[in-house]
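Trainee: What follows is target-v1.pdb, made up of PDB, C-alpha atoms:
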```
ATOM      1  CA  MET B  30     -29.544 -24.359  18.984  1.00  0.00           C
ATOM      2  CA  SER B  31     -32.702 -24.427  16.912  1.00  0.00           C
ATOM      3  CA  SER B  32     -34.536 -21.376  15.648  1.00  0.00           C
ATOM      4  CA  GLY B  33     -37.032 -21.903  18.475  1.00  0.00           C
ATOM      5  CA  GLN B  34     -34.311 -21.100  20.995  1.00  0.00           C
ATOM      6  CA  PHE B  35     -33.482 -17.724  19.478  1.00  0.00           C
ATOM      7  CA  ASP B  36     -33.991 -14.510  21.357  1.00  0.00           C
ATOM      8  CA  ASN B  37     -37.147 -12.984  19.841  1.00  0.00           C
ATOM      9  CA  GLU B  38     -35.988  -9.476  20.747  1.00  0.00           C
ATOM     10  CA  ARG B  39     -32.881  -9.772  18.585  1.00  0.00           C
ATOM     11  CA  SER B  40     -32.740  -9.496  14.829  1.00  0.00           C
ATOM     12  CA  PRO B  41     -32.365 -12.695  12.800  1.00  0.00           C
ATOM     13  CA  ASP B  42     -28.845 -11.484  11.928  1.00  0.00           C
ATOM     14  CA  ASP B  43     -27.994 -11.282  15.638  1.00  0.00           C
ATOM     15  CA  ASN B  44     -29.319 -14.770  16.260  1.00  0.00           C
ATOM     16  CA  PHE B  45     -27.523 -16.402  13.327  1.00  0.00           C
ATOM     17  CA  MET B  46     -24.277 -14.615  14.142  1.00  0.00           C
ATOM     18  CA  LYS B  47     -24.602 -15.772  17.739  1.00  0.00           C
ATOM     19  CA  LEU B  48     -24.902 -19.312  16.428  1.00  0.00           C
ATOM     20  CA  ALA B  49     -21.705 -18.797  14.402  1.00  0.00           C
ATOM     21  CA  VAL B  50     -20.006 -17.597  17.598  1.00  0.00           C
ATOM     22  CA  VAL B  51     -21.229 -20.714  19.445  1.00  0.00           C
ATOM     23  CA  GLU B  52     -19.792 -22.858  16.636  1.00  0.00           C
ATOM     24  CA  SER B  53     -16.448 -21.013  16.870  1.00  0.00           C
ATOM     25  CA  ARG B  54     -16.099 -22.007  20.518  1.00  0.00           C
ATOM     26  CA  LYS B  55     -15.868 -25.661  19.455  1.00  0.00           C
ATOM     27  CA  SER B  56     -12.572 -25.018  17.650  1.00  0.00           C
ATOM     28  CA  GLU B  57      -9.360 -26.274  19.235  1.00  0.00           C
ATOM     29  CA  ASP B  58      -7.349 -23.483  17.597  1.00  0.00           C
ATOM     30  CA  PRO B  59      -5.761 -21.566  20.495  1.00  0.00           C
ATOM     31  CA  VAL B  60      -5.484 -18.311  18.501  1.00  0.00           C
ATOM     32  CA  THR B  61      -8.206 -17.949  15.875  1.00  0.00           C
ATOM     33  CA  LYS B  62     -11.506 -19.679  16.572  1.00  0.00           C
ATOM     34  CA  VAL B  63     -13.907 -19.284  13.640  1.00  0.00           C
ATOM     35  CA  GLY B  64     -17.512 -20.419  13.296  1.00  0.00           C
ATOM     36  CA  ALA B  65     -20.012 -20.336  10.442  1.00  0.00           C
ATOM     37  CA  CYS B  66     -23.744 -20.811   9.965  1.00  0.00           C
ATOM     38  CA  ILE B  67     -25.477 -21.085   6.561  1.00  0.00           C
ATOM     39  CA  VAL B  68     -29.102 -19.972   6.356  1.00  0.00           C
ATOM     40  CA  LYS B  69     -31.755 -20.176   3.631  1.00  0.00           C
ATOM     41  CA  GLU B  70     -34.060 -17.272   2.804  1.00  0.00           C
ATOM     42  CA  ASN B  71     -36.801 -18.915   4.900  1.00  0.00           C
ATOM     43  CA  LYS B  72     -34.443 -18.686   7.922  1.00  0.00           C
ATOM     44  CA  LYS B  73     -33.801 -22.438   7.975  1.00  0.00           C
ATOM     45  CA  ILE B  74     -30.264 -23.375   9.022  1.00  0.00           C
ATOM     46  CA  VAL B  75     -28.759 -25.705   6.430  1.00  0.00           C
ATOM     47  CA  GLY B  76     -25.124 -25.881   7.540  1.00  0.00           C
ATOM     48  CA  ARG B  77     -22.745 -24.953  10.296  1.00  0.00           C
ATOM     49  CA  GLY B  78     -19.130 -25.517  11.109  1.00  0.00           C
ATOM     50  CA  TYR B  79     -15.961 -24.364  12.828  1.00  0.00           C
ATOM     51  CA  ASN B  80     -12.267 -24.482  12.021  1.00  0.00           C
ATOM     52  CA  THR B  81     -10.700 -27.825  12.801  1.00  0.00           C
ATOM     53  CA  MET B  82      -8.077 -30.246  11.569  1.00  0.00           C
ATOM     54  CA  PRO B  83      -9.169 -32.847   8.997  1.00  0.00           C
ATOM     55  CA  ASN B  84     -10.762 -35.955  10.492  1.00  0.00           C
ATOM     56  CA  GLY B  85      -8.130 -38.281  11.891  1.00  0.00           C
ATOM     57  CA  CYS B  86      -5.319 -35.704  11.649  1.00  0.00           C
ATOM     58  CA  ASP B  87      -3.644 -34.392  14.757  1.00  0.00           C
ATOM     59  CA  PHE B  88      -1.337 -31.605  13.627  1.00  0.00           C
ATOM     60  CA  PRO B  89      -0.042 -28.716  15.748  1.00  0.00           C
ATOM     61  CA  TRP B  90      -2.161 -25.565  15.871  1.00  0.00           C
ATOM     62  CA  HIS B  91       0.761 -23.151  15.638  1.00  0.00           C
ATOM     63  CA  LYS B  92       1.715 -20.873  12.761  1.00  0.00           C
ATOM     64  CA  LYS B  93       5.369 -20.502  13.722  1.00  0.00           C
ATOM     65  CA  GLN B  94       7.053 -23.861  13.356  1.00  0.00           C
ATOM     66  CA  PRO B  95      10.731 -24.682  12.765  1.00  0.00           C
ATOM     67  CA  ASN B  96       9.703 -26.319   9.491  1.00  0.00           C
ATOM     68  CA  GLU B  97       7.368 -24.176   7.317  1.00  0.00           C
ATOM     69  CA  VAL B  98       5.398 -27.230   6.141  1.00  0.00           C
ATOM     70  CA  ASP B  99       4.268 -27.736   9.754  1.00  0.00           C
ATOM     71  CA  ASN B 100       2.380 -24.409   9.720  1.00  0.00           C
ATOM     72  CA  LYS B 101      -1.293 -24.939  10.597  1.00  0.00           C
ATOM     73  CA  LYS B 102      -2.425 -22.999   7.510  1.00  0.00           C
ATOM     74  CA  TYR B 103      -1.605 -25.981   5.326  1.00  0.00           C
ATOM     75  CA  TYR B 104      -3.847 -28.333   7.259  1.00  0.00           C
ATOM     76  CA  VAL B 105      -6.779 -26.608   8.950  1.00  0.00           C
ATOM     77  CA  CYS B 106     -10.275 -26.973   7.487  1.00  0.00           C
ATOM     78  CA  HIS B 107     -11.931 -23.580   7.756  1.00  0.00           C
ATOM     79  CA  ALA B 108     -15.357 -23.030   9.274  1.00  0.00           C
ATOM     80  CA  GLU B 109     -16.888 -22.118   5.910  1.00  0.00           C
ATOM     81  CA  LEU B 110     -15.731 -25.397   4.339  1.00  0.00           C
ATOM     82  CA  ASN B 111     -17.062 -27.415   7.266  1.00  0.00           C
ATOM     83  CA  ALA B 112     -20.391 -25.569   7.150  1.00  0.00           C
ATOM     84  CA  VAL B 113     -20.724 -26.343   3.428  1.00  0.00           C
ATOM     85  CA  LEU B 114     -19.811 -29.989   4.000  1.00  0.00           C
ATOM     86  CA  SER B 115     -22.410 -30.279   6.783  1.00  0.00           C
ATOM     87  CA  ALA B 116     -25.279 -29.389   4.419  1.00  0.00           C
ATOM     88  CA  GLU B 117     -27.428 -32.285   3.215  1.00  0.00           C
ATOM     89  CA  THR B 118     -26.975 -31.304  -0.431  1.00  0.00           C
ATOM     90  CA  ILE B 119     -25.098 -28.646  -2.365  1.00  0.00           C
ATOM     91  CA  ALA B 120     -28.449 -27.582  -3.842  1.00  0.00           C
ATOM     92  CA  ASP B 121     -29.525 -26.534  -0.321  1.00  0.00           C
ATOM     93  CA  LEU B 122     -26.833 -23.830  -0.365  1.00  0.00           C
ATOM     94  CA  LYS B 123     -27.970 -21.915  -3.461  1.00  0.00           C
ATOM     95  CA  ASP B 124     -28.940 -18.325  -2.628  1.00  0.00           C
ATOM     96  CA  CYS B 125     -28.160 -18.774   1.072  1.00  0.00           C
ATOM     97  CA  THR B 126     -26.476 -16.377   3.473  1.00  0.00           C
ATOM     98  CA  ILE B 127     -23.406 -17.479   5.399  1.00  0.00           C
ATOM     99  CA  TYR B 128     -22.769 -15.951   8.810  1.00  0.00           C
ATOM    100  CA  VAL B 129     -19.112 -16.234   9.751  1.00  0.00           C
ATOM    101  CA  THR B 130     -17.135 -14.837  12.662  1.00  0.00           C
ATOM    102  CA  LEU B 131     -14.146 -13.878  10.451  1.00  0.00           C
ATOM    103  CA  PHE B 132     -14.204 -12.492   6.901  1.00  0.00           C
ATOM    104  CA  PRO B 133     -13.529 -15.431   4.540  1.00  0.00           C
ATOM    105  CA  CYS B 134     -10.077 -16.019   3.068  1.00  0.00           C
ATOM    106  CA  ASN B 135      -9.555 -16.472  -0.666  1.00  0.00           C
ATOM    107  CA  GLU B 136      -9.914 -20.270  -0.462  1.00  0.00           C
ATOM    108  CA  CYS B 137     -13.234 -19.999   1.367  1.00  0.00           C
ATOM    109  CA  ALA B 138     -14.430 -17.314  -1.051  1.00  0.00           C
ATOM    110  CA  LYS B 139     -13.954 -19.822  -3.885  1.00  0.00           C
ATOM    111  CA  ILE B 140     -16.109 -22.365  -2.052  1.00  0.00           C
ATOM    112  CA  ILE B 141     -18.782 -19.771  -1.230  1.00  0.00           C
ATOM    113  CA  ILE B 142     -18.962 -18.710  -4.875  1.00  0.00           C
ATOM    114  CA  GLN B 143     -18.971 -22.243  -6.283  1.00  0.00           C
ATOM    115  CA  VAL B 144     -21.888 -23.447  -4.139  1.00  0.00           C
ATOM    116  CA  GLY B 145     -24.003 -20.381  -4.933  1.00  0.00           C
ATOM    117  CA  ILE B 146     -24.129 -18.617  -1.579  1.00  0.00           C
ATOM    118  CA  LYS B 147     -25.369 -15.078  -2.288  1.00  0.00           C
ATOM    119  CA  GLU B 148     -24.330 -13.171   0.841  1.00  0.00           C
ATOM    120  CA  VAL B 149     -21.611 -13.197   3.492  1.00  0.00           C
ATOM    121  CA  VAL B 150     -22.294 -11.616   6.873  1.00  0.00           C
ATOM    122  CA  TYR B 151     -19.142 -11.419   8.962  1.00  0.00           C
ATOM    123  CA  LEU B 152     -18.221 -10.297  12.463  1.00  0.00           C
ATOM    124  CA  SER B 153     -14.474  -9.565  12.327  1.00  0.00           C
ATOM    125  CA  ASP B 154     -12.290  -8.309   9.510  1.00  0.00           C
ATOM    126  CA  LYS B 155      -8.971  -8.456  11.342  1.00  0.00           C
ATOM    127  CA  TYR B 156      -7.068  -9.565   8.214  1.00  0.00           C
ATOM    128  CA  LYS B 157      -8.568  -6.848   5.984  1.00  0.00           C
ATOM    129  CA  TYR B 158      -5.183  -5.782   4.578  1.00  0.00           C
ATOM    130  CA  LYS B 159      -3.777  -9.275   4.019  1.00  0.00           C
ATOM    131  CA  ASN B 160      -3.470 -10.475   0.434  1.00  0.00           C
ATOM    132  CA  HIS B 161      -5.756 -13.468   0.995  1.00  0.00           C
ATOM    133  CA  THR B 162      -8.549 -11.151   2.156  1.00  0.00           C
ATOM    134  CA  ILE B 163      -7.993  -8.646  -0.639  1.00  0.00           C
ATOM    135  CA  ALA B 164      -8.181 -11.514  -3.163  1.00  0.00           C
ATOM    136  CA  SER B 165     -11.304 -12.800  -1.429  1.00  0.00           C
ATOM    137  CA  ARG B 166     -13.048  -9.449  -1.826  1.00  0.00           C
ATOM    138  CA  ARG B 167     -12.056  -9.292  -5.491  1.00  0.00           C
ATOM    139  CA  MET B 168     -13.583 -12.713  -6.144  1.00  0.00           C
ATOM    140  CA  LEU B 169     -16.757 -12.033  -4.165  1.00  0.00           C
ATOM    141  CA  ASP B 170     -17.201  -8.722  -6.006  1.00  0.00           C
ATOM    142  CA  ALA B 171     -16.598 -10.313  -9.415  1.00  0.00           C
ATOM    143  CA  ALA B 172     -19.124 -13.064  -8.651  1.00  0.00           C
ATOM    144  CA  GLY B 173     -21.742 -10.654  -7.315  1.00  0.00           C
ATOM    145  CA  VAL B 174     -21.709 -12.077  -3.788  1.00  0.00           C
ATOM    146  CA  LYS B 175     -22.720  -9.381  -1.302  1.00  0.00           C
ATOM    147  CA  TYR B 176     -20.922  -9.029   1.989  1.00  0.00           C
ATOM    148  CA  ARG B 177     -21.430  -6.874   5.042  1.00  0.00           C
ATOM    149  CA  GLN B 178     -20.173  -6.631   8.575  1.00  0.00           C
ATOM    150  CA  HIS B 179     -22.542  -7.308  11.452  1.00  0.00           C
ATOM    151  CA  LEU B 180     -21.754  -6.322  14.983  1.00  0.00           C
ATOM    152  CA  LEU B 181     -23.527  -7.967  17.887  1.00  0.00           C
TER     153      LEU B 181
END
```
Step by step, read the file and then write its structure as structure tokens.
Mentor:
Amino acid sequence: MSSGQFDNERSPDDNFMKLAVVESRKSEDPVTKVGACIVKENKKIVGRGYNTMPNGCDFPWHKKQPNEVDNKKYYVCHAELNAVLSAETIADLKDCTIYVTLFPCNECAKIIIQVGIKEVVYLSDKYKYKNHTIASRRMLDAAGVKYRQHLL
């Protein structure tokens, strides 16, 4: 989807979040499909991604496994990471906004901060009270990264 295909009657936030939702549908995760879209101030899309297993790895998508090390959380590449990796250069990400369908975890917050993204716009905050989300908010606050929820 290019910016020319956006609905002109919707806000840019609506359009970019819709793109993140489209990305999320590509995920093979049967429970939590997450998508992300990174946008420059001039509204140019510079990265997008969805949660997936690392290239060439075919691990189970389940959290509850007989052996804890088989839990998907140890293997899955989150949408935010894949969106960052899809950018042409890290410099393209400075001062961007990331639209993501789920509030970033602590690991993704580190990546967001390190590449210089200035704002996170998220759709769902279903893990708001989990430690990884609380830690994420602490880091984003400390680094001065703004975040806000957007509802379609």
Trainee: Work out how far apart atom CA of B:Asn111 and atom CA of B:Glu70 are and give it in Å to one decimal.
Mentor: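 Those two atoms sit 20.3 Å apart.
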Trainee: Determine the residue membership of the PyMOL selection byres ((chain B and resi 132-137) around 7) for the file above and supply it as a PyMOL selection string.
Mentor: chain B and resi 109-110+129-131+138-141+151+153-154+161-162+164-165
Trainee: Got time to write the residues from that selection, C-alpha atoms, as a CSV table (one decimal), in the frame of the given file?
Mentor:
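See out12.csv below for the written result:
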```
chain,number,residue,atom,x,y,z
B,109,GLU,CA,-16.9,-22.1,5.9
B,110,LEU,CA,-15.7,-25.4,4.3
B,129,VAL,CA,-19.1,-16.2,9.8
B,130,THR,CA,-17.1,-14.8,12.7
B,131,LEU,CA,-14.1,-13.9,10.5
B,138,ALA,CA,-14.4,-17.3,-1.1
B,139,LYS,CA,-14.0,-19.8,-3.9
B,140,ILE,CA,-16.1,-22.4,-2.1
B,141,ILE,CA,-18.8,-19.8,-1.2
B,151,TYR,CA,-19.1,-11.4,9.0
B,153,SER,CA,-14.5,-9.6,12.3
B,154,ASP,CA,-12.3,-8.3,9.5
B,161,HIS,CA,-5.8,-13.5,1.0
B,162,THR,CA,-8.5,-11.2,2.2
B,164,ALA,CA,-8.2,-11.5,-3.2
B,165,SER,CA,-11.3,-12.8,-1.4
```
Trainee: Determine the nearest neighbour of B:Arg54 from the options B:Tyr128, B:Tyr79, B:Tyr104, B:Tyr176, counting only C-alpha atoms.
Mentor: B:Tyr79
Trainee: Taking 3 positions as the minimum chain separation for residues in the same chain, which residues sit within 9 Å of stretch 87-103 of chain B when counting only C-alpha atoms? Answer as a PDB file with C-alpha atoms, keeping the file's coordinate frame.
Mentor:
```pdb
ATOM      1  CA  GLU B  57      -9.360 -26.274  19.235  1.00  0.00           C
ATOM      2  CA  ASP B  58      -7.349 -23.483  17.597  1.00  0.00           C
ATOM      3  CA  PRO B  59      -5.761 -21.566  20.495  1.00  0.00           C
ATOM      4  CA  VAL B  60      -5.484 -18.311  18.501  1.00  0.00           C
ATOM      5  CA  MET B  82      -8.077 -30.246  11.569  1.00  0.00           C
ATOM      6  CA  PRO B  83      -9.169 -32.847   8.997  1.00  0.00           C
ATOM      7  CA  ASN B  84     -10.762 -35.955  10.492  1.00  0.00           C
ATOM      8  CA  CYS B 106     -10.275 -26.973   7.487  1.00  0.00           C
TER       9      CYS B 106
END
```
Trainee: In terms of the shortest atom-to-atom distance over all atoms listed in the file, which of B:Lys69, B:Arg167, B:Arg77, B:Lys159 is closest to B:Cys125?
Mentor: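 With all atoms listed in the file as the atom set, the closest residue is B:Lys69.
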Trainee: Edge lengths and centre, in Å to one decimal, as JSON: that's what I need for the box along x, y and z that holds all listed atoms of stretch 159-168 of chain B plus 6 Å on each side.
Mentor:
```
{"center_x": -8.5, "center_y": -11.1, "center_z": -1.1, "size_x": 22.1, "size_y": 16.8, "size_z": 22.2}
```
Trainee: My list of candidates is B:Lys73, B:Val68, B:Met46, B:Lys55. Which is closest to B:Asp124 when distances are computed with only C-alpha atoms?
Mentor: B:Val68
Trainee: Neighbours of B:Asp121 within 12 Å (all atoms listed in the file; same-chain residues fewer than 3 positions away dropped), as a ChimeraX atom specification?
Mentor: /B:67-71,73-76,112-118,124-126,144-146
Trainee: Have a look at atom CA of B:His179 and atom CA of B:Ala120 and let me know their distance in Å, one decimal.
Mentor: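 Between atom CA of B:His179 and atom CA of B:Ala120 the gap works out to 26.1 Å.
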Trainee: Which of these, B:Arg166, B:Lys62, B:His107, B:Arg39, has the shortest distance to B:Leu181 once you count all atoms listed in the file?
Mentor: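 Ranking B:Arg166, B:Lys62, B:His107, B:Arg39 by distance to B:Leu181, first place goes to B:Arg39.
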Trainee: What is the distance, in Å and to one decimal place, between atom CA of B:Val105 and atom CA of B:Lys72?
Mentor: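 Distance between the two atoms: 28.8 Å.
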Trainee: List every protein, DNA or RNA residue that has at least one atom no more than 7 Å from (-21.9, -12.8, 1.4) in the file's coordinates, counting only C-alpha atoms, and write the result as a ChimeraX atom specification.
Mentor: /B:126-127,146-150,174-177
Trainee: Could you complete stretch 92-103 of chain B so that it carries all heavy atoms, and give it back as a short mmCIF file (atom, residue, chain, number, x, y, z; two decimals), in the frame of the given file?
Mentor:
```
data_model
loop_
_atom_site.label_atom_id
_atom_site.label_comp_id
_atom_site.auth_asym_id
_atom_site.auth_seq_id
_atom_site.Cartn_x
_atom_site.Cartn_y
_atom_site.Cartn_z
N LYS B 92 1.26 -21.41 14.05
CA LYS B 92 1.72 -20.87 12.76
C LYS B 92 3.23 -20.91 12.67
O LYS B 92 3.79 -21.21 11.64
CB LYS B 92 1.23 -19.43 12.57
CG LYS B 92 -0.22 -19.31 12.21
CD LYS B 92 -0.55 -17.88 11.89
CE LYS B 92 -1.97 -17.78 11.42
NZ LYS B 92 -2.34 -16.41 11.08
N LYS B 93 3.90 -20.57 13.74
CA LYS B 93 5.37 -20.50 13.72
C LYS B 93 5.93 -21.86 14.13
O LYS B 93 5.86 -22.24 15.29
CB LYS B 93 5.86 -19.40 14.65
CG LYS B 93 5.33 -18.03 14.23
CD LYS B 93 6.19 -16.92 14.75
CE LYS B 93 5.53 -15.60 14.46
NZ LYS B 93 5.93 -14.91 13.34
N GLN B 94 6.45 -22.55 13.14
CA GLN B 94 7.05 -23.86 13.36
C GLN B 94 8.47 -23.83 12.78
O GLN B 94 8.74 -23.09 11.84
CB GLN B 94 6.23 -24.94 12.64
CG GLN B 94 4.84 -25.16 13.19
CD GLN B 94 4.85 -25.83 14.53
OE1 GLN B 94 5.74 -26.59 14.87
NE2 GLN B 94 3.85 -25.53 15.34
N PRO B 95 9.37 -24.65 13.31
CA PRO B 95 10.73 -24.68 12.76
C PRO B 95 10.74 -25.05 11.28
O PRO B 95 11.55 -24.55 10.51
CB PRO B 95 11.43 -25.75 13.59
CG PRO B 95 10.58 -25.97 14.79
CD PRO B 95 9.20 -25.53 14.44
N ASN B 96 9.81 -25.89 10.88
CA ASN B 96 9.70 -26.32 9.49
C ASN B 96 8.42 -25.69 8.93
O ASN B 96 7.33 -25.95 9.43
CB ASN B 96 9.64 -27.85 9.43
CG ASN B 96 9.66 -28.38 8.02
OD1 ASN B 96 9.54 -27.62 7.05
ND2 ASN B 96 9.79 -29.68 7.90
N GLU B 97 8.52 -24.89 7.88
CA GLU B 97 7.37 -24.18 7.32
C GLU B 97 6.20 -25.11 6.98
O GLU B 97 5.05 -24.75 7.17
CB GLU B 97 7.80 -23.40 6.07
CG GLU B 97 6.67 -22.74 5.30
CD GLU B 97 5.91 -21.65 6.03
OE1 GLU B 97 6.39 -21.15 7.05
OE2 GLU B 97 4.80 -21.31 5.58
N VAL B 98 6.47 -26.32 6.53
CA VAL B 98 5.40 -27.23 6.14
C VAL B 98 4.56 -27.68 7.35
O VAL B 98 3.47 -28.21 7.19
CB VAL B 98 5.95 -28.44 5.35
CG1 VAL B 98 6.63 -29.46 6.26
CG2 VAL B 98 4.86 -29.09 4.52
N ASP B 99 5.03 -27.41 8.55
CA ASP B 99 4.27 -27.74 9.75
C ASP B 99 3.31 -26.62 10.17
O ASP B 99 2.59 -26.77 11.15
CB ASP B 99 5.22 -28.04 10.91
CG ASP B 99 5.98 -29.34 10.70
OD1 ASP B 99 5.44 -30.24 10.03
OD2 ASP B 99 7.11 -29.45 11.21
N ASN B 100 3.27 -25.53 9.43
CA ASN B 100 2.38 -24.41 9.72
C ASN B 100 0.93 -24.88 9.60
O ASN B 100 0.55 -25.52 8.63
CB ASN B 100 2.67 -23.27 8.74
CG ASN B 100 1.91 -22.02 9.03
OD1 ASN B 100 0.71 -22.03 9.26
ND2 ASN B 100 2.62 -20.90 9.01
N LYS B 101 0.11 -24.50 10.57
CA LYS B 101 -1.29 -24.94 10.60
C LYS B 101 -2.07 -24.56 9.34
O LYS B 101 -3.02 -25.23 8.97
CB LYS B 101 -2.01 -24.41 11.83
CG LYS B 101 -2.33 -22.92 11.76
CD LYS B 101 -3.14 -22.46 12.95
CE LYS B 101 -3.50 -21.00 12.82
NZ LYS B 101 -4.30 -20.55 13.94
N LYS B 102 -1.66 -23.47 8.67
CA LYS B 102 -2.42 -23.00 7.51
C LYS B 102 -2.50 -24.03 6.39
O LYS B 102 -3.40 -23.98 5.58
CB LYS B 102 -1.86 -21.68 6.99
CG LYS B 102 -0.52 -21.79 6.30
CD LYS B 102 -0.04 -20.43 5.84
CE LYS B 102 1.32 -20.53 5.18
NZ LYS B 102 1.82 -19.23 4.77
N TYR B 103 -1.58 -24.96 6.37
CA TYR B 103 -1.60 -25.98 5.33
C TYR B 103 -2.57 -27.12 5.63
O TYR B 103 -2.84 -27.95 4.77
CB TYR B 103 -0.21 -26.55 5.10
CG TYR B 103 0.77 -25.52 4.61
CD1 TYR B 103 1.86 -25.15 5.38
CD2 TYR B 103 0.60 -24.90 3.37
CE1 TYR B 103 2.76 -24.19 4.92
CE2 TYR B 103 1.48 -23.95 2.92
CZ TYR B 103 2.56 -23.60 3.71
OH TYR B 103 3.44 -22.65 3.25
#
```
